[in-house]
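Notes follow once the structure below has been shown.
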Amino acid sequence: MVLTKGPDAANRLRDGQLGSRGGKPLLGIHHSPAKASAKNRNRERVTRQGFGGVLTDDQWTRLIKAGTRRRHEAGSQIMRQGEPGDSVHLLVAGRVKVSMVRPDGQEVLLVVRSYGEALGEMAVITGRPRSATVTAIGTCYTHVVLRERFRQLVNQMGLDAALLEHFVVRQIESDATRADQAALPAERRLAKILVQLAAFGGENIAPDVTANGRTSRQGVLFGLSQQDIADHIGASRSSVAQAFIRFRELGIVRTGRQFVAVHDLDRLRAIAHGGSDA
């Protein structure tokens with residue numbers, strides 16, 4: 001699922017267009033699966049996200065080999081807010097949601113991460129407790145690298161600059177999200193998050209998920225509730241529900257229990273960028 005990139009800096013950042021290194025985006029943010037060459041039998045190869053996206057294949061492989069493979073079932077917590085950062089989880093398959101419990105006790109979705117992400121790396125580097133909880137959306141696999149081993153490999157491979165770049169990107173993403181929350185109406189915020197989710201986590205929709213008698217082959221399935229999405233974009237549940245109703249009436253999406261099927265990604269993207277939905 002390939003998205004047309006937006007013209008503004010924030011969207012270009014999220015689509016990984018700000019510069020390149022060795023044929024890959026400098027910031028290492030990849031939201032679309034890339035087709036492998038004929039040499040690789042035309043199999044799809046999903047490009048690494050996050051920290052893994054700024055590493056070479058050899059560097060990523062070396063980190064993976066240093067860890068222990070673990071399977072996480074849907075709904076299981078991979079790490080918890082407040083725990084000591086004794087290891088890094090390298091996400092090799094599946095998707096996770098990152099959330100934080102606020103002082104008032106409310107849990108708020110921060111972001112969804114997928115293949116290539118390093119989870120818990122900030123606590124390992126800073127020595128501070130984990131700042132968020134990471135939960136498996138579906139079945140996923142990580143390779144767990146212990147703190148001292150991760151630090152050792154970062155030093156041996158000279159990855160300090162890559163790690164710093166990764167942290168800077170995370171901060172820019174956070175700033176862009178806060179800017180959206182302050183300036184954009186709920187409908188545009190919802191459209192933007194759905195475009196992002198479809199881009200890096202989109203899956204083929206099952207044959208029984210249809211709209212107007214048409215099977216959708218373009219969409220995203222994820223274990224997030226409307227409340228999760230509302231919290232993430234800083235909107236009320238009622239405003240998000242109203243936006244979903246409008247999108248369904250326009251034939252852009254179909255929603256169900258724990259899924260959103262995107263039937264018209266171009267139209268959804270136009271709304272996200274402030275264009276006409278007519």
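Residue numbering restarts at 1 in every chain; chains get A, B, ... in the order shown in the structure tokens, and ligands count up from 1 in that same order.
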### Task
Within 10 Å of A:Gly75, counting only C-alpha atoms, which residues show up once you throw out same-chain ones fewer than 2 positions away? Write them as a PyMOL selection string, please.
chain A and resi 72-73+77-78+96-97+134-139+223
#### Entry: Polymer residues at most 8 Å from A:Val253, only C-alpha atoms, same-chain spacing of 2 or more positions, as number ranges by chain
A: 244, 247-248, 250-251, 255, 260-264
Expected file contents, prior selection, N, CA and C atoms, as a compact mmCIF listing (two decimals), in the first residue's frame:
# COMPACT_ATOMS: atom_id res chain seq x y z
N PHE A 244 -16.31 8.98 12.35
CA PHE A 244 -16.41 7.65 11.75
C PHE A 244 -17.74 7.49 11.02
N PHE A 247 -17.38 9.24 7.74
CA PHE A 247 -16.51 8.49 6.82
C PHE A 247 -17.24 7.27 6.26
N ARG A 248 -18.04 6.62 7.10
CA ARG A 248 -18.80 5.46 6.61
C ARG A 248 -19.84 5.90 5.60
N LEU A 250 -19.69 8.34 3.59
CA LEU A 250 -18.99 8.70 2.36
C LEU A 250 -18.39 7.47 1.66
N GLY A 251 -18.48 6.32 2.30
CA GLY A 251 -17.93 5.10 1.71
C GLY A 251 -16.41 5.01 1.83
N THR A 255 -16.23 0.13 9.69
CA THR A 255 -15.69 -0.20 11.01
C THR A 255 -16.44 -1.38 11.60
N VAL A 260 -10.75 -1.40 11.37
CA VAL A 260 -11.15 -0.35 10.44
C VAL A 260 -10.72 -0.80 9.06
N ALA A 261 -11.65 -0.85 8.13
CA ALA A 261 -11.35 -1.20 6.75
C ALA A 261 -11.40 0.08 5.91
N VAL A 262 -10.28 0.41 5.28
CA VAL A 262 -10.21 1.62 4.47
C VAL A 262 -10.53 1.26 3.02
N HIS A 263 -11.63 1.81 2.51
CA HIS A 263 -12.05 1.50 1.14
C HIS A 263 -11.60 2.56 0.14
N ASP A 264 -11.30 3.74 0.60
CA ASP A 264 -10.90 4.82 -0.31
C ASP A 264 -9.78 5.61 0.35
Closest atom pairs, stretch 51-164 of chain A residues within 7 Å of stretch 227-239 of chain A, only C-alpha atoms, as a Markdown table:
| residue | atom | partner | partner_atom | distance |
| --- | --- | --- | --- | --- |
| A:Val108 | CA | A:Asp231 | CA | 5.6 |
| A:Leu109 | CA | A:His232 | CA | 5.1 |
| A:Leu110 | CA | A:His232 | CA | 5.7 |
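As for atom CA of A:Gly120 and atom CA of A:Gly158, they are spaced 19.6 Å apart.
A straight line drawn from atom CA of A:Leu164 to atom CA of A:Arg147 is 17.1 Å long.
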### Message
as number ranges by chain, please: the residues near A:Arg69 (cut-off 10 Å, only C-alpha atoms, same-chain neighbours under 6 positions excluded).
### Response
A: 89-92, 141-145
### Task
Identify, with DSSP run on backbone atoms, the residues in stretch 96-191 of chain A assigned to strand (DSSP E), and express the list as a PyMOL selection string.
chain A and resi 96-101+107-113+118-119+133-136+140-146
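Using only C-alpha atoms, the shortest contact distance between A:Tyr115 and any of A:Val98, A:Cys140, A:Ile172, A:Ala191 is found at A:Cys140.
Using only C-alpha atoms, the nearest neighbour of A:Leu63 within the list A:Ser76, A:Gln156, A:Ser99, A:Thr133 is A:Gln156.
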### Task
For atom CA of A:His273 and atom CA of A:Ala176, determine how far apart the two atoms are, in Å to one decimal place.
13.9 Å
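Using only C-alpha atoms for every distance, the candidate list A:Ser131, A:Gly50, A:Ile125, A:Met100 yields A:Ile125 as the residue closest to A:Asp160.
For the set A:Ala132, A:Met122, A:Thr47, A:Glu107, the residue with the smallest atom-to-atom gap to A:Ala93 is A:Thr47, counting only C-alpha atoms.
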From a DSSP pass on the backbone, collect the residues of stretch 25-264 of chain A flagged as helix (DSSP H, G or I) and hand them back as a CSV table (one decimal) with N, CA, C and O atoms, in the first residue's frame.
chain,number,residue,atom,x,y,z
A,38,ALA,N,13.2,-9.3,-8.7
A,38,ALA,CA,12.9,-10.6,-9.3
A,38,ALA,C,13.8,-11.6,-8.7
A,38,ALA,O,13.5,-12.8,-8.6
A,39,LYS,N,15.0,-11.2,-8.3
A,39,LYS,CA,16.0,-12.1,-7.7
A,39,LYS,C,15.5,-12.7,-6.5
A,39,LYS,O,15.9,-13.8,-6.1
A,40,ASN,N,14.7,-12.0,-5.8
A,40,ASN,CA,14.1,-12.5,-4.5
A,40,ASN,C,12.7,-13.1,-4.7
A,40,ASN,O,11.9,-13.1,-3.8
A,50,GLY,N,11.4,2.8,12.4
A,50,GLY,CA,12.1,3.3,13.6
A,50,GLY,C,13.6,3.1,13.6
A,50,GLY,O,14.3,3.3,12.6
A,51,PHE,N,14.2,2.6,14.7
A,51,PHE,CA,15.6,2.4,14.9
A,51,PHE,C,16.1,1.5,13.9
A,51,PHE,O,17.2,1.7,13.3
A,52,GLY,N,15.4,0.4,13.6
A,52,GLY,CA,15.9,-0.6,12.6
A,52,GLY,C,16.0,0.1,11.2
A,52,GLY,O,16.8,-0.4,10.4
A,53,GLY,N,15.2,1.1,11.0
A,53,GLY,CA,15.2,1.8,9.7
A,53,GLY,C,16.4,2.6,9.4
A,53,GLY,O,16.8,2.9,8.2
A,57,ASP,N,21.4,-3.6,7.0
A,57,ASP,CA,20.9,-5.0,7.2
A,57,ASP,C,21.9,-5.8,8.1
A,57,ASP,O,21.4,-6.5,9.0
A,58,ASP,N,23.2,-5.6,7.9
A,58,ASP,CA,24.2,-6.3,8.8
A,58,ASP,C,24.1,-5.9,10.2
A,58,ASP,O,24.2,-6.7,11.1
A,59,GLN,N,23.9,-4.6,10.5
A,59,GLN,CA,23.8,-4.1,11.8
A,59,GLN,C,22.6,-4.6,12.5
A,59,GLN,O,22.6,-5.0,13.7
A,60,TRP,N,21.4,-4.6,11.8
A,60,TRP,CA,20.2,-5.1,12.3
A,60,TRP,C,20.3,-6.6,12.7
A,60,TRP,O,19.9,-7.0,13.7
A,61,THR,N,20.9,-7.3,11.7
A,61,THR,CA,21.0,-8.8,11.9
A,61,THR,C,21.9,-9.1,13.1
A,61,THR,O,21.6,-10.0,13.9
A,62,ARG,N,23.0,-8.3,13.3
A,62,ARG,CA,23.9,-8.5,14.5
A,62,ARG,C,23.1,-8.2,15.8
A,62,ARG,O,23.3,-9.0,16.8
A,63,LEU,N,22.3,-7.2,15.8
A,63,LEU,CA,21.5,-6.9,17.0
A,63,LEU,C,20.6,-8.1,17.3
A,63,LEU,O,20.4,-8.5,18.5
A,64,ILE,N,19.9,-8.5,16.3
A,64,ILE,CA,18.9,-9.6,16.4
A,64,ILE,C,19.5,-10.9,16.9
A,64,ILE,O,19.0,-11.5,17.9
A,65,LYS,N,20.7,-11.2,16.4
A,65,LYS,CA,21.4,-12.4,16.8
A,65,LYS,C,21.8,-12.4,18.3
A,65,LYS,O,22.1,-13.4,18.9
A,121,GLU,N,14.3,1.1,24.4
A,121,GLU,CA,15.7,1.5,24.3
A,121,GLU,C,16.1,2.8,25.1
A,121,GLU,O,17.2,2.9,25.6
A,122,MET,N,15.1,3.6,25.3
A,122,MET,CA,15.3,4.9,26.0
A,122,MET,C,15.7,4.6,27.5
A,122,MET,O,16.6,5.2,28.0
A,123,ALA,N,14.9,3.7,28.1
A,123,ALA,CA,15.2,3.3,29.5
A,123,ALA,C,16.6,2.7,29.6
A,123,ALA,O,17.3,2.9,30.6
A,124,VAL,N,17.0,1.9,28.7
A,124,VAL,CA,18.3,1.2,28.7
A,124,VAL,C,19.4,2.2,28.6
A,124,VAL,O,20.4,2.1,29.3
A,125,ILE,N,19.2,3.2,27.8
A,125,ILE,CA,20.3,4.2,27.6
A,125,ILE,C,20.4,5.2,28.7
A,125,ILE,O,21.5,5.5,29.2
A,126,THR,N,19.2,5.6,29.2
A,126,THR,CA,19.2,6.7,30.2
A,126,THR,C,19.3,6.1,31.7
A,126,THR,O,19.7,6.8,32.6
A,147,ARG,N,20.5,-5.3,28.6
A,147,ARG,CA,21.0,-3.9,28.7
A,147,ARG,C,22.4,-3.8,28.3
A,147,ARG,O,22.8,-3.0,27.4
A,148,GLU,N,23.3,-4.5,29.1
A,148,GLU,CA,24.7,-4.3,28.9
A,148,GLU,C,25.2,-4.8,27.5
A,148,GLU,O,26.1,-4.2,26.9
A,149,ARG,N,24.5,-5.8,27.0
A,149,ARG,CA,24.9,-6.3,25.7
A,149,ARG,C,24.5,-5.3,24.6
A,149,ARG,O,25.2,-5.1,23.6
A,150,PHE,N,23.3,-4.7,24.8
A,150,PHE,CA,22.8,-3.7,23.8
A,150,PHE,C,23.8,-2.5,23.8
A,150,PHE,O,24.2,-2.1,22.7
A,151,ARG,N,24.1,-2.0,25.0
A,151,ARG,CA,25.1,-0.9,25.0
A,151,ARG,C,26.4,-1.3,24.4
A,151,ARG,O,27.0,-0.4,23.7
A,152,GLN,N,26.9,-2.5,24.7
A,152,GLN,CA,28.1,-2.9,24.1
A,152,GLN,C,28.1,-2.9,22.6
A,152,GLN,O,29.0,-2.5,21.9
A,153,LEU,N,27.0,-3.4,22.0
A,153,LEU,CA,26.9,-3.5,20.6
A,153,LEU,C,26.8,-2.1,19.9
A,153,LEU,O,27.4,-1.9,18.9
A,154,VAL,N,26.0,-1.2,20.6
A,154,VAL,CA,25.9,0.1,20.1
A,154,VAL,C,27.3,0.8,20.0
A,154,VAL,O,27.7,1.4,19.0
A,155,ASN,N,28.1,0.5,21.0
A,155,ASN,CA,29.5,1.1,21.1
A,155,ASN,C,30.4,0.4,20.0
A,155,ASN,O,31.1,1.1,19.3
A,156,GLN,N,30.3,-0.9,19.9
A,156,GLN,CA,31.2,-1.6,19.0
A,156,GLN,C,30.9,-1.3,17.5
A,156,GLN,O,31.8,-1.2,16.7
A,160,ASP,N,26.0,5.2,18.0
A,160,ASP,CA,25.6,6.4,18.8
A,160,ASP,C,24.9,7.4,18.0
A,160,ASP,O,23.8,7.9,18.4
A,161,ALA,N,25.4,7.8,16.8
A,161,ALA,CA,24.8,8.8,16.0
A,161,ALA,C,23.4,8.3,15.5
A,161,ALA,O,22.4,9.1,15.5
A,162,ALA,N,23.3,7.0,15.1
A,162,ALA,CA,22.0,6.5,14.7
A,162,ALA,C,21.0,6.5,15.8
A,162,ALA,O,19.8,6.8,15.6
A,163,LEU,N,21.4,6.2,17.0
A,163,LEU,CA,20.5,6.2,18.1
A,163,LEU,C,20.1,7.6,18.4
A,163,LEU,O,18.9,7.8,18.7
A,164,LEU,N,21.0,8.5,18.4
A,164,LEU,CA,20.6,9.9,18.6
A,164,LEU,C,19.6,10.4,17.5
A,164,LEU,O,18.6,11.1,17.9
A,165,GLU,N,19.8,10.0,16.3
A,165,GLU,CA,18.9,10.4,15.2
A,165,GLU,C,17.5,9.8,15.5
A,165,GLU,O,16.5,10.5,15.3
A,166,HIS,N,17.5,8.6,15.9
A,166,HIS,CA,16.3,7.9,16.3
A,166,HIS,C,15.5,8.7,17.4
A,166,HIS,O,14.3,8.9,17.3
A,167,PHE,N,16.2,9.1,18.4
A,167,PHE,CA,15.6,9.8,19.5
A,167,PHE,C,15.1,11.2,19.0
A,167,PHE,O,14.0,11.6,19.4
A,168,VAL,N,15.8,11.8,18.2
A,168,VAL,CA,15.4,13.1,17.6
A,168,VAL,C,14.1,13.0,16.8
A,168,VAL,O,13.2,13.8,16.9
A,169,VAL,N,14.0,11.9,16.0
A,169,VAL,CA,12.8,11.7,15.2
A,169,VAL,C,11.6,11.4,16.1
A,169,VAL,O,10.5,12.0,15.8
A,170,ARG,N,11.8,10.7,17.2
A,170,ARG,CA,10.7,10.4,18.1
A,170,ARG,C,10.2,11.8,18.7
A,170,ARG,O,9.0,12.0,18.8
A,171,GLN,N,11.1,12.7,19.0
A,171,GLN,CA,10.7,13.9,19.6
A,171,GLN,C,10.0,14.8,18.5
A,171,GLN,O,9.0,15.4,18.9
A,172,ILE,N,10.5,14.8,17.3
A,172,ILE,CA,9.8,15.5,16.2
A,172,ILE,C,8.4,15.0,16.0
A,172,ILE,O,7.4,15.7,15.8
A,173,GLU,N,8.3,13.6,16.0
A,173,GLU,CA,6.9,13.0,15.9
A,173,GLU,C,6.0,13.4,17.0
A,173,GLU,O,4.8,13.8,16.7
A,174,SER,N,6.5,13.5,18.2
A,174,SER,CA,5.7,13.9,19.3
A,174,SER,C,5.3,15.3,19.2
A,174,SER,O,4.1,15.7,19.5
A,175,ASP,N,6.2,16.2,18.8
A,175,ASP,CA,5.9,17.6,18.6
A,175,ASP,C,4.8,17.8,17.5
A,175,ASP,O,3.9,18.6,17.7
A,176,ALA,N,4.9,17.0,16.4
A,176,ALA,CA,4.0,17.1,15.3
A,176,ALA,C,2.6,16.7,15.8
A,176,ALA,O,1.6,17.3,15.4
A,177,THR,N,2.5,15.6,16.6
A,177,THR,CA,1.3,15.2,17.1
A,177,THR,C,0.6,16.2,18.0
A,177,THR,O,-0.6,16.5,17.9
A,178,ARG,N,1.4,16.8,18.9
A,178,ARG,CA,0.8,17.9,19.7
A,178,ARG,C,0.4,19.1,18.9
A,178,ARG,O,-0.7,19.7,19.2
A,179,ALA,N,1.1,19.4,17.8
A,179,ALA,CA,0.7,20.5,17.0
A,179,ALA,C,-0.7,20.2,16.3
A,179,ALA,O,-1.5,21.0,16.2
A,180,ASP,N,-0.8,18.9,15.8
A,180,ASP,CA,-2.1,18.5,15.3
A,180,ASP,C,-3.2,18.6,16.3
A,180,ASP,O,-4.3,19.1,15.9
A,181,GLN,N,-3.0,18.2,17.5
A,181,GLN,CA,-4.0,18.2,18.5
A,181,GLN,C,-4.5,19.6,18.8
A,181,GLN,O,-5.6,19.9,19.1
A,182,ALA,N,-3.5,20.6,18.7
A,182,ALA,CA,-3.8,22.0,19.0
A,182,ALA,C,-4.5,22.7,17.9
A,182,ALA,O,-5.3,23.6,18.1
A,183,ALA,N,-4.3,22.3,16.7
A,183,ALA,CA,-4.7,23.1,15.5
A,183,ALA,C,-5.8,22.5,14.6
A,183,ALA,O,-6.5,23.2,14.0
A,186,ALA,N,-11.2,17.4,14.8
A,186,ALA,CA,-11.1,16.0,15.1
A,186,ALA,C,-11.2,15.1,13.8
A,186,ALA,O,-10.5,14.1,13.7
A,187,GLU,N,-12.0,15.6,12.9
A,187,GLU,CA,-12.1,14.8,11.6
A,187,GLU,C,-10.8,14.6,10.9
A,187,GLU,O,-10.4,13.6,10.4
A,188,ARG,N,-10.1,15.7,10.8
A,188,ARG,CA,-8.8,15.7,10.1
A,188,ARG,C,-7.7,14.9,10.9
A,188,ARG,O,-6.9,14.2,10.3
A,189,ARG,N,-7.8,15.0,12.2
A,189,ARG,CA,-6.9,14.3,13.1
A,189,ARG,C,-7.1,12.8,12.9
A,189,ARG,O,-6.2,12.0,12.8
A,190,LEU,N,-8.4,12.4,12.9
A,190,LEU,CA,-8.8,11.0,12.7
A,190,LEU,C,-8.3,10.5,11.3
A,190,LEU,O,-7.7,9.4,11.2
A,191,ALA,N,-8.5,11.3,10.3
A,191,ALA,CA,-8.1,10.9,8.9
A,191,ALA,C,-6.6,10.7,8.9
A,191,ALA,O,-6.1,9.7,8.3
A,192,LYS,N,-5.8,11.6,9.5
A,192,LYS,CA,-4.4,11.5,9.5
A,192,LYS,C,-3.9,10.2,10.2
A,192,LYS,O,-3.0,9.5,9.7
A,193,ILE,N,-4.4,9.9,11.4
A,193,ILE,CA,-4.0,8.7,12.1
A,193,ILE,C,-4.4,7.4,11.3
A,193,ILE,O,-3.6,6.4,11.3
A,194,LEU,N,-5.5,7.4,10.7
A,194,LEU,CA,-5.9,6.2,9.9
A,194,LEU,C,-5.0,6.0,8.7
A,194,LEU,O,-4.7,4.9,8.3
A,195,VAL,N,-4.6,7.2,8.0
A,195,VAL,CA,-3.7,7.1,6.9
A,195,VAL,C,-2.4,6.5,7.4
A,195,VAL,O,-1.8,5.6,6.7
A,196,GLN,N,-1.9,7.0,8.5
A,196,GLN,CA,-0.6,6.5,9.0
A,196,GLN,C,-0.7,5.0,9.4
A,196,GLN,O,0.2,4.2,9.0
A,197,LEU,N,-1.8,4.6,10.0
A,197,LEU,CA,-2.0,3.2,10.4
A,197,LEU,C,-2.1,2.3,9.1
A,197,LEU,O,-1.5,1.2,9.1
A,198,ALA,N,-2.8,2.7,8.1
A,198,ALA,CA,-2.9,2.0,6.9
A,198,ALA,C,-1.6,1.8,6.2
A,198,ALA,O,-1.3,0.8,5.6
A,199,ALA,N,-0.8,2.9,6.3
A,199,ALA,CA,0.5,2.9,5.5
A,199,ALA,C,1.5,1.9,6.1
A,199,ALA,O,2.1,1.2,5.4
A,200,PHE,N,1.6,1.9,7.4
A,200,PHE,CA,2.7,1.0,7.9
A,200,PHE,C,2.1,-0.3,8.5
A,200,PHE,O,2.9,-1.2,8.8
A,201,GLY,N,0.8,-0.4,8.7
A,201,GLY,CA,0.3,-1.6,9.3
A,201,GLY,C,-0.8,-2.2,8.5
A,201,GLY,O,-1.6,-3.1,9.0
A,226,GLN,N,-12.3,2.7,19.6
A,226,GLN,CA,-12.5,4.2,19.3
A,226,GLN,C,-12.0,5.0,20.4
A,226,GLN,O,-11.5,6.2,20.1
A,227,GLN,N,-12.1,4.5,21.6
A,227,GLN,CA,-11.5,5.3,22.8
A,227,GLN,C,-10.0,5.4,22.7
A,227,GLN,O,-9.4,6.5,23.0
A,228,ASP,N,-9.3,4.4,22.3
A,228,ASP,CA,-7.9,4.4,22.1
A,228,ASP,C,-7.5,5.5,21.1
A,228,ASP,O,-6.6,6.3,21.3
A,229,ILE,N,-8.2,5.5,20.0
A,229,ILE,CA,-8.0,6.5,18.9
A,229,ILE,C,-8.3,7.9,19.4
A,229,ILE,O,-7.5,8.8,19.1
A,230,ALA,N,-9.4,8.0,20.1
A,230,ALA,CA,-9.8,9.4,20.6
A,230,ALA,C,-8.7,9.9,21.5
A,230,ALA,O,-8.3,11.1,21.4
A,231,ASP,N,-8.2,9.1,22.4
A,231,ASP,CA,-7.2,9.5,23.4
A,231,ASP,C,-5.9,9.9,22.6
A,231,ASP,O,-5.3,10.9,23.0
A,232,HIS,N,-5.6,9.1,21.6
A,232,HIS,CA,-4.4,9.3,20.9
A,232,HIS,C,-4.4,10.7,20.1
A,232,HIS,O,-3.4,11.4,20.1
A,233,ILE,N,-5.5,11.0,19.5
A,233,ILE,CA,-5.5,12.3,18.8
A,233,ILE,C,-6.0,13.4,19.6
A,233,ILE,O,-6.2,14.5,19.1
A,237,ARG,N,-14.5,10.9,22.6
A,237,ARG,CA,-15.0,9.7,22.0
A,237,ARG,C,-16.2,10.1,21.0
A,237,ARG,O,-16.3,9.5,20.0
A,238,SER,N,-17.0,11.0,21.5
A,238,SER,CA,-18.2,11.3,20.7
A,238,SER,C,-17.8,12.0,19.4
A,238,SER,O,-18.4,11.7,18.3
A,239,SER,N,-16.8,12.9,19.4
A,239,SER,CA,-16.3,13.5,18.1
A,239,SER,C,-15.7,12.5,17.2
A,239,SER,O,-15.9,12.6,16.0
A,240,VAL,N,-15.0,11.5,17.7
A,240,VAL,CA,-14.4,10.5,16.9
A,240,VAL,C,-15.5,9.6,16.3
A,240,VAL,O,-15.5,9.2,15.1
A,241,ALA,N,-16.5,9.3,17.1
A,241,ALA,CA,-17.6,8.5,16.6
A,241,ALA,C,-18.4,9.2,15.5
A,241,ALA,O,-18.7,8.6,14.5
A,242,GLN,N,-18.6,10.5,15.7
A,242,GLN,CA,-19.2,11.3,14.6
A,242,GLN,C,-18.4,11.3,13.3
A,242,GLN,O,-19.0,11.2,12.2
A,243,ALA,N,-17.1,11.4,13.5
A,243,ALA,CA,-16.2,11.4,12.3
A,243,ALA,C,-16.3,10.1,11.6
A,243,ALA,O,-16.3,10.0,10.3
A,244,PHE,N,-16.3,9.0,12.4
A,244,PHE,CA,-16.4,7.6,11.7
A,244,PHE,C,-17.7,7.5,11.0
A,244,PHE,O,-17.8,6.9,9.9
A,245,ILE,N,-18.8,8.0,11.6
A,245,ILE,CA,-20.1,7.9,11.0
A,245,ILE,C,-20.1,8.6,9.6
A,245,ILE,O,-20.6,8.1,8.6
A,246,ARG,N,-19.5,9.8,9.6
A,246,ARG,CA,-19.3,10.6,8.3
A,246,ARG,C,-18.5,9.8,7.3
A,246,ARG,O,-18.9,9.7,6.1
A,247,PHE,N,-17.4,9.2,7.7
A,247,PHE,CA,-16.5,8.5,6.8
A,247,PHE,C,-17.2,7.3,6.3
A,247,PHE,O,-17.1,6.9,5.1
A,248,ARG,N,-18.0,6.6,7.1
A,248,ARG,CA,-18.8,5.5,6.6
A,248,ARG,C,-19.8,5.9,5.6
A,248,ARG,O,-20.1,5.2,4.6
A,249,GLU,N,-20.5,7.0,5.9
A,249,GLU,CA,-21.5,7.5,4.9
A,249,GLU,C,-20.9,7.9,3.6
A,249,GLU,O,-21.6,7.7,2.5
